[in-house]
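Quick look at start-v7.cif (mmCIF, C-alpha atoms and all ligand atoms):
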data_target
#
loop_
_atom_site.label_atom_id
_atom_site.label_comp_id
_atom_site.auth_asym_id
_atom_site.auth_seq_id
_atom_site.Cartn_x
_atom_site.Cartn_y
_atom_site.Cartn_z
CA MET A 683 -15.88 50.54 15.98
CA LEU A 684 -19.25 50.23 14.24
CA ASN A 685 -18.56 47.00 12.36
CA SER A 686 -20.19 44.27 14.45
CA ASN A 687 -19.01 41.46 12.19
CA PRO A 688 -15.45 42.08 10.99
CA ASP A 689 -13.35 39.12 9.90
CA ILE A 690 -10.45 39.96 12.19
CA SER A 691 -8.73 36.57 12.01
CA GLY A 692 -8.91 36.45 8.20
CA PHE A 693 -8.13 40.10 7.51
CA ALA A 694 -4.32 39.89 7.19
CA ALA A 695 -4.38 36.66 5.17
CA THR A 696 -6.95 38.15 2.78
CA ILE A 697 -4.81 41.24 2.21
CA THR A 698 -1.68 39.10 1.75
CA SER A 699 -3.28 36.82 -0.84
CA TRP A 700 -4.68 39.81 -2.72
CA GLN A 701 -1.30 41.56 -2.76
CA LYS A 702 0.45 38.56 -4.30
CA VAL A 703 -1.93 38.63 -7.26
CA HIS A 704 -3.02 42.27 -7.64
CA GLY A 705 -0.47 44.35 -5.71
CA ARG A 706 2.66 46.09 -6.91
CA GLN A 707 5.52 43.67 -7.50
CA HIS A 708 8.28 45.35 -9.47
CA LEU A 709 8.96 48.75 -7.95
CA PRO A 710 12.68 49.55 -7.70
CA TRP A 711 12.64 49.30 -3.89
CA GLN A 712 10.87 45.94 -3.78
CA GLY A 713 12.70 42.62 -3.57
CA THR A 714 15.41 43.99 -1.28
CA GLN A 715 15.96 43.52 2.44
CA ASP A 716 18.47 46.38 2.57
CA PRO A 717 17.06 48.74 5.22
CA TYR A 718 18.90 51.71 3.68
CA ARG A 719 17.05 51.33 0.38
CA ILE A 720 13.75 50.58 2.09
CA TRP A 721 14.13 53.59 4.38
CA LEU A 722 14.92 55.91 1.45
CA SER A 723 11.84 54.75 -0.45
CA GLU A 724 9.58 55.08 2.59
CA ILE A 725 10.71 58.65 3.25
CA MET A 726 10.38 59.66 -0.40
CA LEU A 727 6.91 58.09 -0.62
CA GLN A 728 5.56 60.20 2.26
CA GLN A 729 3.25 62.78 0.64
CA THR A 730 4.49 61.83 -2.84
CA GLN A 731 3.11 59.58 -5.59
CA VAL A 732 4.95 56.38 -6.58
CA ALA A 733 5.36 57.51 -10.20
CA THR A 734 7.12 60.72 -9.09
CA VAL A 735 9.37 58.95 -6.61
CA ILE A 736 10.84 56.33 -8.98
CA GLY A 737 13.21 58.70 -10.84
CA TYR A 738 14.26 60.53 -7.68
CA TYR A 739 14.93 57.23 -5.91
CA GLN A 740 17.13 55.91 -8.70
CA ARG A 741 19.14 59.14 -9.05
CA PHE A 742 19.59 59.40 -5.29
CA LEU A 743 20.83 55.83 -4.98
CA ALA A 744 23.22 56.23 -7.91
CA ARG A 745 24.84 59.19 -6.11
CA PHE A 746 24.49 57.91 -2.50
CA PRO A 747 24.58 54.10 -2.78
CA ASP A 748 24.96 53.46 0.95
CA ILE A 749 24.55 55.08 4.31
CA GLN A 750 28.22 55.98 4.65
CA THR A 751 28.27 57.89 1.38
CA LEU A 752 25.17 59.83 2.43
CA ALA A 753 26.50 60.56 5.93
CA HIS A 754 29.79 61.91 4.59
CA ALA A 755 28.20 64.17 1.97
CA SER A 756 27.39 67.80 2.76
CA GLN A 757 23.79 69.01 2.86
CA ASP A 758 24.54 71.08 -0.26
CA GLU A 759 25.44 67.87 -2.10
CA VAL A 760 22.25 66.13 -0.96
CA MET A 761 19.63 68.82 -1.61
CA PRO A 762 19.85 68.86 -5.45
CA TYR A 763 18.78 65.19 -5.40
CA TRP A 764 15.63 66.17 -3.49
CA ALA A 765 14.83 69.47 -5.20
CA GLY A 766 11.31 69.29 -6.66
CA LEU A 767 10.08 66.51 -4.32
CA GLY A 768 8.94 69.09 -1.74
CA TYR A 769 8.69 68.74 2.05
CA TYR A 770 12.42 69.43 2.35
CA ALA A 771 12.60 68.67 6.07
CA ARG A 772 12.49 65.04 4.91
CA ALA A 773 15.80 65.43 3.09
CA ARG A 774 17.46 67.27 5.97
CA ASN A 775 16.30 64.57 8.40
CA LEU A 776 17.44 61.83 6.02
CA HIS A 777 20.91 63.31 5.92
CA ARG A 778 20.97 63.84 9.70
CA CYS A 779 19.70 60.29 10.25
CA ALA A 780 22.53 58.83 8.14
CA GLN A 781 25.03 60.74 10.29
CA VAL A 782 23.41 59.47 13.52
CA ILE A 783 23.52 55.87 12.24
CA CYS A 784 27.23 56.23 11.44
CA GLN A 785 28.01 57.91 14.77
CA ASP A 786 25.79 55.95 17.17
CA TRP A 787 25.05 52.66 15.42
CA GLY A 788 28.42 51.80 13.88
CA GLY A 789 27.08 52.48 10.39
CA GLN A 790 24.53 49.64 10.67
CA PHE A 791 20.85 50.46 10.28
CA PRO A 792 19.00 49.27 13.42
CA LEU A 793 16.64 46.40 12.64
CA ASN A 794 13.77 46.62 15.08
CA SER A 795 11.02 49.19 14.87
CA GLN A 796 11.48 50.57 18.38
CA ASP A 797 15.12 51.46 17.70
CA ILE A 798 14.35 52.69 14.19
CA ALA A 799 11.66 55.04 15.57
CA THR A 800 14.28 56.86 17.68
CA LEU A 801 16.04 58.10 14.53
CA PRO A 802 15.46 61.61 13.10
CA GLY A 803 12.45 61.93 10.82
CA ILE A 804 11.14 58.37 11.34
CA GLY A 805 7.75 57.89 13.00
CA ARG A 806 6.14 54.71 14.29
CA SER A 807 4.51 53.69 11.01
CA THR A 808 7.62 54.23 8.87
CA ALA A 809 9.74 52.37 11.45
CA ALA A 810 7.34 49.43 11.34
CA ALA A 811 7.35 49.37 7.53
CA ILE A 812 11.18 49.33 7.42
CA ALA A 813 11.31 46.49 9.97
CA ALA A 814 8.57 44.53 8.19
CA PHE A 815 10.25 44.77 4.78
CA SER A 816 13.79 44.16 5.99
CA VAL A 817 13.38 41.52 8.75
CA GLN A 818 9.68 40.51 8.65
CA GLU A 819 8.97 42.17 12.01
CA ARG A 820 5.32 41.75 12.92
CA SER A 821 4.41 45.38 13.62
CA PRO A 822 1.47 47.32 12.17
CA ILE A 823 1.71 50.38 9.93
CA MET A 824 -0.77 53.23 9.85
CA ASP A 825 -0.29 55.73 7.03
CA GLY A 826 -2.99 57.71 5.21
CA ASN A 827 -3.94 54.86 2.87
CA VAL A 828 -4.15 52.35 5.70
CA LYS A 829 -6.27 54.71 7.80
CA ARG A 830 -8.76 54.90 4.94
CA VAL A 831 -9.04 51.11 4.65
CA PHE A 832 -9.35 50.62 8.42
CA THR A 833 -11.90 53.39 9.04
CA ARG A 834 -14.11 52.07 6.25
CA TYR A 835 -13.75 48.36 6.91
CA PHE A 836 -14.08 48.53 10.70
CA GLY A 837 -16.41 51.54 10.78
CA ILE A 838 -14.16 53.81 12.82
CA GLU A 839 -15.45 57.37 13.07
CA GLY A 840 -13.52 60.50 14.12
CA ILE A 841 -10.85 62.72 12.57
CA THR A 842 -7.98 60.34 11.85
CA SER A 843 -5.27 62.84 12.80
CA GLU A 844 -6.76 63.28 16.27
CA ARG A 845 -5.14 61.33 19.06
CA ALA A 846 -8.21 59.43 20.27
CA THR A 847 -9.04 58.17 16.76
CA GLU A 848 -5.40 57.30 16.08
CA GLN A 849 -5.29 55.21 19.23
CA VAL A 850 -8.34 53.23 18.11
CA LEU A 851 -6.74 52.70 14.70
CA TRP A 852 -3.44 51.49 16.15
CA ARG A 853 -5.21 49.17 18.59
CA THR A 854 -7.28 47.72 15.76
CA ALA A 855 -4.17 47.21 13.61
CA GLU A 856 -2.45 45.43 16.51
CA ALA A 857 -5.52 43.22 17.08
CA VAL A 858 -5.50 42.23 13.39
CA LEU A 859 -1.87 41.10 13.64
CA ASP A 860 -2.49 39.29 16.93
CA ALA A 861 -5.29 37.34 15.27
CA ALA A 862 -3.35 36.55 12.09
CA PRO A 863 -1.85 33.09 11.56
CA PRO A 864 1.81 32.46 12.48
CA GLY A 865 4.24 32.82 9.60
CA LEU A 866 2.30 35.70 8.02
CA ASP A 867 4.30 37.18 5.14
CA MET A 868 4.83 40.67 6.56
CA THR A 869 6.27 42.00 3.29
CA ALA A 870 3.14 41.06 1.36
CA TYR A 871 0.78 42.14 4.16
CA THR A 872 2.41 45.56 4.67
CA GLN A 873 2.72 46.20 0.95
CA GLY A 874 -0.83 44.90 0.46
CA LEU A 875 -2.29 47.43 2.89
CA MET A 876 -0.49 50.24 1.07
CA ASP A 877 -1.55 48.93 -2.35
CA LEU A 878 -5.17 48.32 -1.40
CA GLY A 879 -5.47 51.86 -0.05
CA SER A 880 -3.86 53.49 -3.06
CA GLN A 881 -5.26 51.28 -5.84
CA CYS A 882 -8.64 49.98 -4.67
CA CYS A 883 -9.96 51.71 -1.55
CA THR A 884 -9.31 55.13 -3.03
CA ARG A 885 -10.54 58.39 -1.59
CA SER A 886 -13.31 59.35 -4.02
CA ARG A 887 -14.09 56.22 -6.08
CA PRO A 888 -13.39 53.06 -4.06
CA GLY A 889 -13.53 49.89 -6.15
CA CYS A 890 -15.64 47.91 -3.68
CA GLU A 891 -16.84 45.48 -6.34
CA VAL A 892 -13.30 44.12 -6.80
CA CYS A 893 -12.10 44.60 -3.21
CA PRO A 894 -11.08 41.45 -1.30
CA LEU A 895 -12.62 42.93 1.88
CA LEU A 896 -16.08 43.66 0.47
CA GLN A 897 -17.93 40.88 2.25
CA HIS A 898 -17.38 42.22 5.77
CA CYS A 899 -16.67 45.89 5.05
CA TYR A 900 -18.80 48.22 7.19
CA ALA A 901 -18.65 51.18 4.78
CA ARG A 902 -19.70 49.09 1.78
CA ILE A 903 -22.53 47.33 3.61
CA HIS A 904 -23.90 50.63 4.92
CA ALA A 905 -23.01 52.69 1.81
CA ARG A 906 -20.89 55.05 3.92
CA GLN A 907 -17.71 55.02 1.79
CA HIS A 908 -17.93 58.79 1.32
CA GLU A 909 -18.45 59.52 5.01
CA LEU A 910 -15.38 57.56 6.15
CA PRO A 911 -12.73 58.53 7.01
CA THR A 912 -14.62 61.34 8.81
CA PRO A 913 -13.86 64.46 6.75
CA ARG A 914 -12.00 67.31 8.38
CA LYS A 915 -13.63 70.74 8.34
CA LYS A 916 -12.14 72.62 5.42
CA LYS A 917 -9.91 75.51 6.41
CA THR A 918 -9.17 78.23 3.93
CA SER A 919 -5.45 78.60 3.38
CA PRO A 920 -3.94 81.97 4.28
CA GLU A 921 -2.61 83.92 1.30
CA ARG A 922 0.92 85.32 1.38
CA GLN A 923 2.73 87.49 -1.14
CA CYS A 924 6.37 87.90 -2.03
CA ARG A 925 8.47 89.48 -4.73
CA MET A 926 11.37 87.53 -6.21
CA LEU A 927 14.21 89.02 -8.15
CA VAL A 928 16.05 87.36 -11.03
CA ALA A 929 19.29 89.36 -11.02
CA ARG A 930 21.42 88.43 -14.01
CA ASN A 931 25.03 89.30 -14.59
CA ALA A 932 26.16 88.04 -18.01
CA ASP A 933 25.84 84.26 -17.65
CA HIS A 934 25.29 84.20 -13.87
CA ILE A 935 22.17 84.44 -11.69
CA LEU A 936 22.08 85.60 -8.08
CA LEU A 937 20.72 82.95 -5.71
CA GLU A 938 20.27 82.95 -1.96
CA GLN A 939 20.46 79.90 0.29
CA GLN A 940 17.42 79.51 2.55
CA VAL A 941 17.92 79.02 6.26
CA SER A 942 17.20 75.69 7.96
CA PRO A 943 14.68 74.90 9.24
CA GLY A 944 12.31 76.78 6.97
CA ILE A 945 10.02 75.98 4.07
CA TRP A 946 12.90 75.69 1.63
CA GLY A 947 15.71 75.30 4.17
CA GLY A 948 19.00 74.38 2.47
CA LEU A 949 17.71 75.14 -1.03
CA TRP A 950 18.83 77.98 -3.29
CA SER A 951 16.04 80.46 -4.01
CA LEU A 952 15.87 83.73 -5.88
CA PRO A 953 16.18 86.57 -3.36
CA ARG A 954 12.73 87.32 -1.89
CA TYR A 955 11.37 90.68 -0.74
CA ASP A 956 8.31 91.39 1.38
CA SER A 957 7.80 95.03 0.35
CA ASP A 958 8.00 97.14 -2.82
CA GLU A 959 10.62 99.35 -1.12
CA ASP A 960 12.94 96.41 -0.48
CA LEU A 961 12.44 95.21 -4.05
CA GLN A 962 13.18 98.68 -5.46
CA ALA A 963 16.37 98.88 -3.41
CA ALA A 964 17.47 95.48 -4.72
CA CYS A 965 16.65 96.46 -8.32
CA CYS A 966 18.84 99.56 -7.91
CA ARG A 967 21.66 97.48 -6.43
CA TRP A 968 21.64 94.68 -9.00
CA GLY A 969 20.14 96.38 -12.06
CA SER A 970 21.42 99.09 -14.39
CA HIS A 971 20.09 102.43 -15.73
CA ASP A 972 20.21 101.10 -19.30
CA ALA A 973 17.89 98.18 -18.64
CA PRO A 974 15.00 98.90 -16.22
CA ALA A 975 13.57 96.10 -14.09
CA GLN A 976 10.91 94.04 -15.84
CA ARG A 977 7.93 92.51 -14.10
CA MET A 978 7.27 88.92 -15.18
CA ALA A 979 4.06 86.86 -15.07
CA GLY A 980 3.08 86.05 -11.49
CA MET A 981 2.39 82.58 -10.12
CA VAL A 982 0.82 80.91 -7.10
CA HIS A 983 2.59 78.12 -5.24
CA VAL A 984 0.48 76.04 -2.85
CA PHE A 985 2.03 74.86 0.40
CA THR A 986 0.28 72.67 2.97
CA HIS A 987 -0.61 75.62 5.20
CA PHE A 988 -0.70 78.62 2.88
CA ARG A 989 -0.72 79.85 -0.71
CA LEU A 990 2.23 81.95 -1.82
CA HIS A 991 1.63 84.54 -4.56
CA ILE A 992 4.97 85.18 -6.26
CA GLU A 993 5.67 88.32 -8.25
CA PRO A 994 8.93 87.78 -10.16
CA TRP A 995 11.07 90.67 -11.44
CA TYR A 996 14.05 90.56 -13.78
CA VAL A 997 17.10 92.85 -13.90
CA VAL A 998 20.30 92.60 -15.92
CA ASN A 999 23.62 94.27 -15.26
CA ASN A 1000 26.66 92.84 -16.97
CA THR A 1001 29.16 95.15 -15.31
CA LEU A 1002 28.85 94.05 -11.66
CA GLN A 1003 31.65 92.35 -9.78
CA LEU A 1004 30.64 88.75 -9.13
CA ALA A 1005 32.19 88.80 -5.65
CA GLU A 1006 29.74 91.34 -4.22
CA PRO A 1007 26.74 89.41 -2.81
CA ALA A 1008 25.91 88.90 0.87
CA PRO A 1009 27.19 85.75 2.66
CA ALA A 1010 24.09 83.61 2.02
CA GLN A 1011 24.07 84.61 -1.65
CA ARG A 1012 26.14 83.45 -4.58
CA TRP A 1013 26.31 83.94 -8.30
CA VAL A 1014 25.42 80.69 -10.06
CA ALA A 1015 26.40 80.08 -13.67
CA LEU A 1016 23.48 79.39 -16.00
CA ASP A 1017 24.89 75.99 -16.90
CA GLU A 1018 25.00 75.04 -13.17
CA LEU A 1019 21.31 75.75 -12.59
CA ARG A 1020 20.25 72.27 -13.65
CA ASN A 1021 22.29 70.74 -10.80
CA THR A 1022 21.38 73.33 -8.17
CA ALA A 1023 18.83 72.56 -5.45
CA LEU A 1024 16.07 74.96 -6.49
CA PRO A 1025 12.54 75.10 -5.01
CA ALA A 1026 9.93 74.10 -7.62
CA PRO A 1027 8.53 77.61 -8.35
CA VAL A 1028 12.04 79.09 -8.64
CA ARG A 1029 12.97 76.35 -11.06
CA LYS A 1030 9.84 77.14 -13.07
CA ILE A 1031 10.70 80.85 -13.28
CA LEU A 1032 14.30 80.15 -14.33
CA GLU A 1033 13.27 77.42 -16.79
CA GLY A 1034 10.96 79.91 -18.46
CA LEU A 1035 13.77 82.45 -18.81
CA PHE A 1036 16.66 80.10 -19.60
CA PRO A 1037 15.27 76.88 -21.09
CA ALA A 1038 18.66 75.88 -22.50
CA SER A 1039 20.09 75.72 -18.97
CA PHE A 1040 17.68 72.92 -18.07
CA ALA A 1041 17.67 70.98 -21.34
S1 LIG A 1101 -15.12 47.26 0.26
FE1 LIG A 1101 -14.85 49.31 -0.56
S2 LIG A 1101 -14.81 50.69 1.19
FE2 LIG A 1101 -14.52 48.61 1.94
S3 LIG A 1101 -12.30 48.39 2.11
FE3 LIG A 1101 -12.94 47.61 0.11
S4 LIG A 1101 -12.76 49.33 -1.33
FE4 LIG A 1101 -12.71 50.14 0.77
#
Take the structure I supplied and represent it as structure tokens, if you would.
Ligand code: SF4
Amino acid sequence: MLNSNPDISGFAATITSWQKVHGRQHLPWQGTQDPYRIWLSEIMLQQTQVATVIGYYQRFLARFPDIQTLAHASQDEVMPYWAGLGYYARARNLHRCAQVICQDWGGQFPLNSQDIATLPGIGRSTAAAIAAFSVQERSPIMDGNVKRVFTRYFGIEGITSERATEQVLWRTAEAVLDAAPPGLDMTAYTQGLMDLGSQCCTRSRPGCEVCPLLQHCYARIHARQHELPTPRKKKTSPERQCRMLVARNADHILLEQQVSPGIWGGLWSLPRYDSDEDLQAACCRWGSHDAPAQRMAGMVHVFTHFRLHIEPWYVVNNTLQLAEPAPAQRWVALDELRNTALPAPVRKILEGLFPASFA
């Protein structure tokens, strides 16, 4: 830690006071102590902006209002409520977690962070946030926003995803809570850290002039805001290609369920082909002589670890038997597409072809 004069004992109280005036107060998952609702919001908010999450959160809760309803649903019922949010392992783990809570915890969400962290898809920081918001447990969180605030304020160098740096961050966060006054409002403190990182101590343009931590902040004093957190060396993403086929039969489209785990595990994609030969064979199988396959405009979809170049093709054959596809495939009526769990680029392709199905 490079900051030789941090205000450790006042840090948590400063954040808490700031949150009560400047932080977020009226999000749909605030003002509840229900760990189910808090857990759902925390999982949805991983890697996703608040504004995007709000609609998904409300629709999900309307369909799965409690843990029992979620546990007893099938994965096929759950995935449409996540389609478009990305990082689909989160949804599969959420569903699995609900089943574990019903089987092993009598349907009651555990209420301390150590127990919560044993559940599928819940790491230490998320477990601490759930326990802080639901029962005021005094445990630190350490997500991307919080790492940014801590590295800058305390002057902590090193790649934040590396173990040694993470350990320093966690130890610092524990020291802050140890030094904080008794009776600290853990809801306001935890929310305040998240809000300060996302609203004030932002990645490229931190608002130091209005930040409650400015007086003792190492990065501000030494003008090192843009050097902390220590940037990772940029890696170029590998490029991958695939061909997708929109096979239409009257008012049905052929879709194929993706295997779990996998990038789109559990979702319904257009059939994908890695080679022109495989695509040609599929066009012959699902197309007709009267209407040759048409190549549509390509697109690029960016994943965390690679970029996928998609080349969509379109064939129509209104004389096929609907019962013919392989086991993982099914014909989906155009008016069911809206409620089908489609990966974002597949939805975009189908929306372009059949806008009325998504209206
Ligand atoms: S003073 Fe600036 S760099 Fe420091 S915590 Fe506040 S916003 Fe971030």
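Put simply, CA of Gly705 in chain A is 19.4 Å away from CA of Ala810 in chain A.
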Which residues, written as JSON, numbers by chain, have at least one atom at most 12 Å from Gln740 in chain A, with only C-alpha atoms counted and residues fewer than 4 positions away on the same chain left out?
{"A": [709, 710, 711, 719, 722, 723, 726, 733, 734, 735, 736, 744, 745, 746, 747, 763, 764]}
File of the preceding selection, C-alpha atoms, as a PDB file, in the coordinates of the input:
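File selection_22.pdb, as written:
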ATOM      1  CA  LEU A 709       8.960  48.750  -7.950  1.00  0.00           C
ATOM      2  CA  PRO A 710      12.680  49.550  -7.700  1.00  0.00           C
ATOM      3  CA  TRP A 711      12.640  49.300  -3.890  1.00  0.00           C
ATOM      4  CA  ARG A 719      17.050  51.330   0.380  1.00  0.00           C
ATOM      5  CA  LEU A 722      14.920  55.910   1.450  1.00  0.00           C
ATOM      6  CA  SER A 723      11.840  54.750  -0.450  1.00  0.00           C
ATOM      7  CA  MET A 726      10.380  59.660  -0.400  1.00  0.00           C
ATOM      8  CA  ALA A 733       5.360  57.510 -10.200  1.00  0.00           C
ATOM      9  CA  THR A 734       7.120  60.720  -9.090  1.00  0.00           C
ATOM     10  CA  VAL A 735       9.370  58.950  -6.610  1.00  0.00           C
ATOM     11  CA  ILE A 736      10.840  56.330  -8.980  1.00  0.00           C
ATOM     12  CA  ALA A 744      23.220  56.230  -7.910  1.00  0.00           C
ATOM     13  CA  ARG A 745      24.840  59.190  -6.110  1.00  0.00           C
ATOM     14  CA  PHE A 746      24.490  57.910  -2.500  1.00  0.00           C
ATOM     15  CA  PRO A 747      24.580  54.100  -2.780  1.00  0.00           C
ATOM     16  CA  TYR A 763      18.780  65.190  -5.400  1.00  0.00           C
ATOM     17  CA  TRP A 764      15.630  66.170  -3.490  1.00  0.00           C
TER      18      TRP A 764
END
Contact table range 892-950 of chain A vs range 870-884 of chain A, cut-off 10 Å, shortest pair per residue, all atoms listed in the file, as JSON lines:
{"residue": "A:Val892", "atom": "CA", "partner": "A:Cys882", "partner_atom": "CA", "distance": 7.8}
{"residue": "A:Cys893", "atom": "CA", "partner": "A:Cys882", "partner_atom": "CA", "distance": 6.6}
{"residue": "A:Pro894", "atom": "CA", "partner": "A:Leu878", "partner_atom": "CA", "distance": 9.1}
{"residue": "A:Leu895", "atom": "CA", "partner": "A:Leu878", "partner_atom": "CA", "distance": 9.8}
{"residue": "A:Gln907", "atom": "CA", "partner": "A:Cys883", "partner_atom": "CA", "distance": 9.1}
Taking all atoms of ligand LIG 1101 (chain A) that the file lists, what box with edges along x, y and z, padded by 6 Å per side, do you get, with centre and edge lengths in Å to one decimal, as lines of an AutoDock Vina configuration file?
center_x = -13.7
center_y = 49.0
center_z = 0.4
size_x = 14.8
size_y = 15.4
size_z = 15.4
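Reported to one decimal place, the separation of CA of His777 in chain A from CA of Val760 in chain A is 7.6 Å.
Across the structure, CA of His704 in chain A and CA of Trp852 in chain A are spaced 25.5 Å apart.
Residue nearest Thr833 in chain A, chosen from A:Leu1016, A:Leu910, A:Val928, A:Ala780 and counting all atoms listed in the file: A:Leu910.
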Counting only C-alpha atoms, closest pick from A:Lys915, A:Leu1024, A:Phe985, A:Gly766 relative to Gly737 in chain A is A:Gly766
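When only C-alpha atoms are used to measure the gap to Pro888 in chain A, the shortest distance among A:Leu990, A:Val941, A:Val831, A:Leu859 belongs to A:Val831.
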Tell me, as an NGL selection string, which residues lie within 10 Å of Trp1013 in chain A, counting only C-alpha atoms; anything in the same chain fewer than 2 positions away does not count.
:A and (929-931 or 933-938 or 1004-1007 or 1011 or 1015-1016)
